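Novice: I have a structure I would like to understand better, so I am pasting it below and will then ask my questions one at a time.
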Amino acid sequence: MLIRIKKPSHIAESRVTPRGLYLRRREFIAGAGAALAAGLLPLDEAEAAVTPLESVKTDYGQGLTPTDKKYATAYNNFYEFALDKDGPAEAARDFKPLPWTVTVSGACHKPGTYAYEDLVKPHKLEERIYRFRCVEAWSMVVPWIGIPLGDMLNRFEPTGDAKYVAFRTLFDPEQMPMQKTNALQWPYREGLRMDEAMHPLTLMVVGMYGETLPNQNGAPLRLIVPWKYGFKSIKSIVSIEFTDKMPATTWAMTNAREYGFYANVNPEVTHPRWSQAKERVIGGGLFSSKVETPMLNGYADEVAHLYQGMDPKGLF
Ligand SMILES: Nc1nc2c(c(=O)[nH]1)N[C@H]1C(S)=C(S)[C@@H](COP(=O)(O)O)O[C@H]1N2
Ligand SMILES: [Mo]
């Protein structure tokens, strides 16, 4: 995310990163960072431990060509670990995604603290290929493995007061070094209107490319909402709360003029500092030109009805 915050100067990088990692990271950047940024290089070195994951293939995104895995797992936004794109893969290498629990609270009949296994096991995992569009005007195509979020939420039996659902990321500064800084207000928060959360396209994701989620991609549980800018797709979720009020969300808290609650992909609504009309396709090669961004990231037929009667200009 491009925002006008400086890394707090009183915290040197060498203090928030264990020394071994810091040194390796220096070499990594010198050797591969520039090439990666240009969209050229594999970074197997940076890959975190993942295991194969069975899933049912679906028709979603069958016409799309997935981005090479090496880009999807090495070009990340995950501010808890690093503020740049090639940082999270390395900085999240030792993160422990299991054991994991999620606390469910608010307007529902089955609140409680659920173990990861209890959340995931009752469901059939699906593989779905989706377009992914970051608000910074780059995009990928990723074969996610997950569960329709609505199927999971229904098990908690939300009540009529559940108008929105709010999510939070783990807060653990020992594991997530940037949480020792005020780069963002921690923990990272996101939210959806209930009908957006229940929409069949919305996924609770546990894997990608046939494997469990790499740490840098939000292990063990993250959201994917394909018609919204990437920042809605909150990673490493530990809390789900049903509420009757629109929840505060991290990027809107950080800069409400630039990032809203809806964050619907819309090529016609210009970000205050750049156009959203086109996107750079990650892995498309050094000289690849930008391509046009479709309305609602290509999912307008499925989701435009959710916003009928609302001014699209207010849905950024
Ligand atoms: N907890 C948390 N979730 C997050 C972010 C983050 O910094 N922290 N970054 C968001 C942004 S801006 C994007 S573009 C996507 C990136 O997901 P990816 O690394 O799997 O491509 O994660 C989103 N989820
Ligand atoms: Mo993003």
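A note on labels: chains of the structure tokens are A, B, ... as shown, every chain counts residues from 1, and ligands are counted from 1 in their shown order.
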Please return as a PyMOL selection string the residues found within 12 Å of ligand 2, counting only C-alpha atoms and all ligand atoms.
Specialist: chain A and resi 1-3+75-79+83-85+132-140+224+228-235+251+259+263+265
Novice: Mind checking which residues fall within 10 Å of A:Ala248, counting only C-alpha atoms, ignoring those fewer than 2 positions away in the same chain, and posting them as a list in words?
Specialist: Ala166, Arg189, Glu190, Gly191, Lys245, Met246, Thr250, Trp251, Ala252, Met253, Gly260 and Phe261 of chain A
Novice: Within 10 Å of A:Pro99, counting only C-alpha atoms, which residues show up once you throw out same-chain ones fewer than 6 positions away? Write them as a list in words, please.
Specialist: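 Here the qualifying residues turn out to be Ala115, Tyr116, Glu117 and Pro220 of chain A.
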Novice: Name the residues in contact with stretch 146-155 of chain A at a cut-off of 6 Å, using only C-alpha atoms, excluding same-chain residues fewer than 4 positions from it; report them as JSON, numbers by chain.
Specialist: {"A": [125, 126, 198, 200, 202, 203, 204, 205, 206]}
Novice: Save out the residues we just selected, N, CA, C and O atoms, as an mmCIF file, in the first residue's frame.
Specialist:
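out.cif was written with the following content:
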data_model
loop_
_atom_site.group_PDB
_atom_site.id
_atom_site.type_symbol
_atom_site.label_atom_id
_atom_site.label_comp_id
_atom_site.auth_asym_id
_atom_site.auth_seq_id
_atom_site.Cartn_x
_atom_site.Cartn_y
_atom_site.Cartn_z
ATOM 1 N N LEU A 125 -13.360 -28.501 0.707
ATOM 2 C CA LEU A 125 -12.501 -27.427 0.192
ATOM 3 C C LEU A 125 -12.647 -27.338 -1.320
ATOM 4 O O LEU A 125 -12.626 -28.337 -2.014
ATOM 5 N N GLU A 126 -12.770 -26.114 -1.810
ATOM 6 C CA GLU A 126 -12.896 -25.880 -3.254
ATOM 7 C C GLU A 126 -11.686 -25.130 -3.775
ATOM 8 O O GLU A 126 -11.175 -24.238 -3.101
ATOM 9 N N MET A 198 -22.007 -13.095 2.771
ATOM 10 C CA MET A 198 -22.740 -14.319 2.433
ATOM 11 C C MET A 198 -22.718 -14.605 0.932
ATOM 12 O O MET A 198 -23.173 -15.661 0.498
ATOM 13 N N PRO A 200 -21.869 -15.951 -2.581
ATOM 14 C CA PRO A 200 -21.127 -17.191 -2.879
ATOM 15 C C PRO A 200 -19.710 -16.998 -3.406
ATOM 16 O O PRO A 200 -18.889 -17.921 -3.321
ATOM 17 N N THR A 202 -17.492 -14.996 -2.105
ATOM 18 C CA THR A 202 -16.595 -14.653 -0.995
ATOM 19 C C THR A 202 -16.052 -15.917 -0.334
ATOM 20 O O THR A 202 -16.814 -16.793 0.052
ATOM 21 N N LEU A 203 -14.747 -16.000 -0.221
ATOM 22 C CA LEU A 203 -14.100 -17.218 0.278
ATOM 23 C C LEU A 203 -13.321 -16.997 1.567
ATOM 24 O O LEU A 203 -12.641 -15.989 1.728
ATOM 25 N N MET A 204 -13.405 -17.979 2.458
ATOM 26 C CA MET A 204 -12.436 -18.094 3.542
ATOM 27 C C MET A 204 -11.372 -19.053 3.012
ATOM 28 O O MET A 204 -11.644 -20.210 2.714
ATOM 29 N N VAL A 205 -10.162 -18.542 2.853
ATOM 30 C CA VAL A 205 -9.120 -19.272 2.126
ATOM 31 C C VAL A 205 -8.129 -19.936 3.086
ATOM 32 O O VAL A 205 -7.707 -19.324 4.078
ATOM 33 N N VAL A 206 -7.797 -21.179 2.777
ATOM 34 C CA VAL A 206 -6.813 -21.925 3.581
ATOM 35 C C VAL A 206 -5.614 -22.382 2.748
ATOM 36 O O VAL A 206 -4.641 -22.905 3.293
#
Novice: Taking 5 positions as the minimum chain separation for residues in the same chain, which residues sit within 10 Å of A:Lys57 when counting only C-alpha atoms? Answer as a list in words.
Specialist: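 The residues that qualify are Gln62, Leu125, Glu126, Glu127, Arg128, Ile129, Pro143 and Ile145 of chain A.
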Novice: Counting only C-alpha atoms, what is within 12 Å of A:Pro173, bar same-chain residues fewer than 4 positions away, as a ChimeraX atom specification?
Specialist: /A:16-17,79-81,95,169,177-182,186-187
Novice: Write the selection just made, keeping N, CA and C atoms, as a PDB file, in the first residue's frame?
Specialist:
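Here's the written file out-v6.pdb:
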ATOM      1  N   VAL A  16      14.042  -4.699  14.664  1.00  0.00           N
ATOM      2  CA  VAL A  16      12.753  -5.384  14.575  1.00  0.00           C
ATOM      3  C   VAL A  16      12.876  -6.728  13.861  1.00  0.00           C
ATOM      4  N   THR A  17      14.018  -7.011  13.290  1.00  0.00           N
ATOM      5  CA  THR A  17      14.230  -8.272  12.585  1.00  0.00           C
ATOM      6  C   THR A  17      15.382  -9.015  13.258  1.00  0.00           C
ATOM      7  N   TYR A  79       1.717  -6.035   6.113  1.00  0.00           N
ATOM      8  CA  TYR A  79       2.416  -5.007   6.886  1.00  0.00           C
ATOM      9  C   TYR A  79       2.864  -5.467   8.257  1.00  0.00           C
ATOM     10  N   GLU A  80       2.237  -6.516   8.788  1.00  0.00           N
ATOM     11  CA  GLU A  80       2.680  -7.043  10.080  1.00  0.00           C
ATOM     12  C   GLU A  80       4.127  -7.526   9.993  1.00  0.00           C
ATOM     13  N   PHE A  81       4.551  -7.915   8.781  1.00  0.00           N
ATOM     14  CA  PHE A  81       5.894  -8.470   8.611  1.00  0.00           C
ATOM     15  C   PHE A  81       6.872  -7.510   7.956  1.00  0.00           C
ATOM     16  N   PHE A  95       7.024 -17.828  11.199  1.00  0.00           N
ATOM     17  CA  PHE A  95       5.696 -17.643  11.801  1.00  0.00           C
ATOM     18  C   PHE A  95       5.036 -19.007  12.019  1.00  0.00           C
ATOM     19  N   THR A 169      -6.939  -9.520  12.449  1.00  0.00           N
ATOM     20  CA  THR A 169      -5.728 -10.329  12.295  1.00  0.00           C
ATOM     21  C   THR A 169      -5.112 -10.560  13.674  1.00  0.00           C
ATOM     22  N   PRO A 177       6.901  -8.610  13.514  1.00  0.00           N
ATOM     23  CA  PRO A 177       7.788  -7.558  14.002  1.00  0.00           C
ATOM     24  C   PRO A 177       7.285  -6.132  13.778  1.00  0.00           C
ATOM     25  N   MET A 178       6.555  -5.889  12.696  1.00  0.00           N
ATOM     26  CA  MET A 178       6.120  -4.511  12.454  1.00  0.00           C
ATOM     27  C   MET A 178       5.054  -4.058  13.446  1.00  0.00           C
ATOM     28  N   GLN A 179       4.483  -5.021  14.175  1.00  0.00           N
ATOM     29  CA  GLN A 179       3.511  -4.639  15.212  1.00  0.00           C
ATOM     30  C   GLN A 179       4.195  -3.962  16.405  1.00  0.00           C
ATOM     31  N   LYS A 180       5.528  -3.972  16.408  1.00  0.00           N
ATOM     32  CA  LYS A 180       6.251  -3.194  17.420  1.00  0.00           C
ATOM     33  C   LYS A 180       6.384  -1.735  16.996  1.00  0.00           C
ATOM     34  N   THR A 181       5.924  -1.421  15.817  1.00  0.00           N
ATOM     35  CA  THR A 181       5.960  -0.043  15.314  1.00  0.00           C
ATOM     36  C   THR A 181       4.523   0.466  15.161  1.00  0.00           C
ATOM     37  N   ASN A 182       4.393   1.743  14.884  1.00  0.00           N
ATOM     38  CA  ASN A 182       3.042   2.274  14.651  1.00  0.00           C
ATOM     39  C   ASN A 182       2.784   2.497  13.162  1.00  0.00           C
ATOM     40  N   TRP A 186      -2.727  -1.514  15.017  1.00  0.00           N
ATOM     41  CA  TRP A 186      -2.911  -2.969  15.106  1.00  0.00           C
ATOM     42  C   TRP A 186      -4.014  -3.331  16.092  1.00  0.00           C
ATOM     43  N   PRO A 187      -4.633  -4.479  15.963  1.00  0.00           N
ATOM     44  CA  PRO A 187      -4.487  -5.413  14.848  1.00  0.00           C
ATOM     45  C   PRO A 187      -5.200  -4.908  13.588  1.00  0.00           C
TER      46      PRO A 187
END
Novice: With distances taken over only C-alpha atoms and all ligand atoms, which of A:Ile240, A:Cys108, A:Val120, A:Ile282 is nearest to ligand 1?
Specialist: A:Ile282
Novice: Among stretch 58-172 of chain A, which ones does DSSP place in strand (DSSP E), written as a count of residues only?
Specialist: 35
Novice: Looking at A:Lys69, A:Lys278, A:His271, A:Lys163, which one is nearest to ligand 1, with distances taken over only C-alpha atoms and all ligand atoms?
Specialist: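 Checking each of A:Lys69, A:Lys278, A:His271, A:Lys163 against ligand 1, counting only C-alpha atoms and all ligand atoms, the winner is A:Lys69.
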Novice: Within 9 Å of stretch 300-310 of chain A, counting only C-alpha atoms, which residues show up once you throw out same-chain ones fewer than 6 positions away? Write them as a list in words, please.
Specialist: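 Listed by chain and then number, they are Asp195, Glu196, His199, Leu201, Trp227 and Pro294 of chain A.
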Novice: Those same residues, written as a compact mmCIF listing (two decimals), in the first residue's frame with N, CA and C atoms?
Specialist:
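Below is the file that was written, out-v9.txt:
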# COMPACT_ATOMS: atom_id res chain seq x y z
N ASP A 195 -24.54 -9.11 3.46
CA ASP A 195 -24.85 -9.71 2.15
C ASP A 195 -23.58 -9.93 1.32
N GLU A 196 -22.56 -9.09 1.53
CA GLU A 196 -21.28 -9.30 0.84
C GLU A 196 -20.59 -10.54 1.40
N HIS A 199 -22.22 -13.67 0.12
CA HIS A 199 -22.23 -13.88 -1.32
C HIS A 199 -21.36 -15.09 -1.68
N LEU A 201 -19.37 -15.82 -3.94
CA LEU A 201 -17.99 -15.62 -4.41
C LEU A 201 -17.00 -15.42 -3.27
N TRP A 227 -14.12 -9.10 -5.91
CA TRP A 227 -14.55 -7.88 -6.59
C TRP A 227 -14.10 -6.61 -5.85
N PRO A 294 -11.41 -4.28 -15.36
CA PRO A 294 -12.86 -4.35 -15.57
C PRO A 294 -13.64 -3.92 -14.33
